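Raw entry_32.cif, mmCIF, C-alpha atoms:
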data_run
#
loop_
_atom_site.group_PDB
_atom_site.id
_atom_site.type_symbol
_atom_site.label_atom_id
_atom_site.label_comp_id
_atom_site.auth_asym_id
_atom_site.auth_seq_id
_atom_site.Cartn_x
_atom_site.Cartn_y
_atom_site.Cartn_z
ATOM 1 C CA ASP A 1292 23.381 44.822 -10.459
ATOM 2 C CA TYR A 1293 21.788 46.764 -7.632
ATOM 3 C CA HIS A 1294 18.260 46.497 -9.087
ATOM 4 C CA TRP A 1295 17.829 42.960 -7.722
ATOM 5 C CA TRP A 1296 17.025 44.423 -4.299
ATOM 6 C CA TRP A 1297 13.863 46.047 -5.635
ATOM 7 C CA ARG A 1298 12.828 42.976 -7.599
ATOM 8 C CA SER A 1299 13.373 40.788 -4.563
ATOM 9 C CA PHE A 1300 11.495 43.190 -2.309
ATOM 10 C CA LEU A 1301 8.502 43.545 -4.624
ATOM 11 C CA MET A 1302 8.186 39.863 -5.548
ATOM 12 C CA SER A 1303 7.459 38.776 -2.006
ATOM 13 C CA SER A 1304 5.638 41.956 -1.050
ATOM 14 C CA PHE A 1305 2.919 41.466 -3.614
ATOM 15 C CA THR A 1306 1.431 38.751 -1.429
ATOM 16 C CA ALA A 1307 0.090 41.731 0.521
ATOM 17 C CA VAL A 1308 -1.879 42.765 -2.578
ATOM 18 C CA TYR A 1309 -3.488 39.324 -2.596
ATOM 19 C CA LEU A 1310 -4.249 39.745 1.115
ATOM 20 C CA PHE A 1311 -5.944 43.095 0.452
ATOM 21 C CA ILE A 1312 -8.032 41.666 -2.395
ATOM 22 C CA TYR A 1313 -9.126 38.820 -0.137
ATOM 23 C CA GLU A 1314 -10.070 41.229 2.650
ATOM 24 C CA VAL A 1315 -12.196 43.287 0.257
ATOM 25 C CA HIS A 1316 -13.873 40.096 -0.926
ATOM 26 C CA TYR A 1317 -14.418 39.018 2.675
ATOM 27 C CA PHE A 1318 -15.934 42.395 3.527
ATOM 28 C CA PHE A 1319 -18.534 42.197 0.762
ATOM 29 C CA SER A 1320 -19.288 38.474 0.972
ATOM 30 C CA GLU A 1321 -19.160 37.585 4.686
ATOM 31 C CA LEU A 1322 -19.363 40.695 6.839
ATOM 32 C CA GLN A 1323 -22.579 42.559 7.343
ATOM 33 C CA ILE A 1324 -21.260 45.977 8.260
ATOM 34 C CA MET A 1325 -23.721 48.734 7.450
ATOM 35 C CA GLY A 1326 -22.340 51.874 9.092
ATOM 36 C CA THR A 1327 -20.027 54.301 7.346
ATOM 37 C CA ALA A 1328 -17.779 54.667 10.388
ATOM 38 C CA SER A 1329 -17.437 50.891 10.743
ATOM 39 C CA THR A 1330 -16.581 50.539 7.064
ATOM 40 C CA ILE A 1331 -13.944 53.270 7.295
ATOM 41 C CA LEU A 1332 -12.460 51.629 10.393
ATOM 42 C CA TYR A 1333 -12.394 48.194 8.739
ATOM 43 C CA PHE A 1334 -10.637 49.424 5.616
ATOM 44 C CA GLY A 1335 -8.363 51.736 7.608
ATOM 45 C CA TYR A 1336 -7.098 48.916 9.784
ATOM 46 C CA THR A 1337 -6.940 46.628 6.765
ATOM 47 C CA ARG A 1338 -4.691 49.105 4.949
ATOM 48 C CA ILE A 1339 -2.407 49.401 7.968
ATOM 49 C CA MET A 1340 -2.161 45.621 8.289
ATOM 50 C CA VAL A 1341 -1.527 45.189 4.547
ATOM 51 C CA LEU A 1342 1.153 47.895 4.567
ATOM 52 C CA ILE A 1343 2.931 46.267 7.519
ATOM 53 C CA PHE A 1344 2.687 42.867 5.825
ATOM 54 C CA PHE A 1345 3.992 44.395 2.561
ATOM 55 C CA LEU A 1346 7.023 45.913 4.271
ATOM 56 C CA PHE A 1347 7.687 42.876 6.466
ATOM 57 C CA THR A 1348 7.609 40.259 3.709
ATOM 58 C CA GLY A 1349 9.586 42.446 1.313
ATOM 59 C CA ASN A 1350 12.279 43.167 3.853
ATOM 60 C CA LEU A 1351 12.447 39.553 4.971
ATOM 61 C CA LYS A 1352 12.923 38.299 1.419
ATOM 62 C CA LYS A 1353 15.490 40.978 0.516
ATOM 63 C CA SER A 1354 17.485 40.397 3.698
ATOM 64 C CA GLY A 1355 17.441 36.653 3.220
ATOM 65 C CA GLU A 1356 18.640 36.853 -0.352
ATOM 66 C CA LYS A 1357 21.316 39.393 0.525
ATOM 67 C CA ALA A 1358 22.660 37.198 3.325
ATOM 68 C CA ASN A 1359 22.568 34.136 1.104
ATOM 69 C CA GLY A 1360 24.259 36.018 -1.755
ATOM 70 C CA ASP A 1361 27.034 37.295 0.511
ATOM 71 C CA GLU A 1362 27.680 33.779 1.781
ATOM 72 C CA TRP A 1363 27.770 32.441 -1.762
ATOM 73 C CA ARG A 1364 30.223 35.133 -2.870
ATOM 74 C CA MET A 1365 32.524 34.382 0.065
ATOM 75 C CA ARG A 1366 32.588 30.668 -0.832
ATOM 76 C CA CYS A 1367 33.438 31.372 -4.468
ATOM 77 C CA GLN A 1368 36.442 33.557 -3.701
#

Could I get this structure in the form of structure tokens?
Amino acid sequence: DYHWWWRSFLMSSFTAVYLFIYEVHYFFSELQIMGTASTILYFGYTRIMVLIFFLFTGNLKKSGEKANGDEWRMRCQ
């Protein structure tokens, strides 16, 4: 079943969605940014950080499960 890679990747990566929601909440509740350019910069850098976090956590989880699965298969043979 090769679909487990995508499930594994997406399960851990969705913590980045939570991070993005929190950063939007933080922007409206705590920050007092008024300028358009500052708002665009904040959300631009936030998107970059969330994308990197999404890819990093997804890849880390997938790689860890793949390595653990390979080890388990080798023990069972």

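Using only C-alpha atoms for every distance, the candidate list A:Ile1324, A:Ile1312, A:Leu1351, A:Met1302 yields A:Ile1312 as the residue closest to A:Arg1338.
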
A:Phe1319, A:Lys1353, A:Gly1335, A:Leu1346 ranked by distance to A:Ala1307, top pick (using all atoms listed in the file):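 Nearest to A:Ala1307: A:Leu1346.
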
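For the pair atom CA of A:Leu1301 and atom CA of A:Val1341, the separation is 13.7 Å.
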
Kindly list the centre and edge lengths in Å, rounded to one decimal, for the axis-aligned box that covers all listed atoms of stretch 1342-1353 of chain A plus 8 Å on each of its six sides, as AutoDock Vina command-line options.
--center_x 8.3 --center_y 43.1 --center_z 4.0 --size_x 30.3 --size_y 25.6 --size_z 23.0

Residue IDs satisfying the PyMOL selection byres ((chain A and resi 1299) around 8), as an NGL selection string: :A and (1295-1298 or 1300-1303 or 1349 or 1352-1353 or 1356)
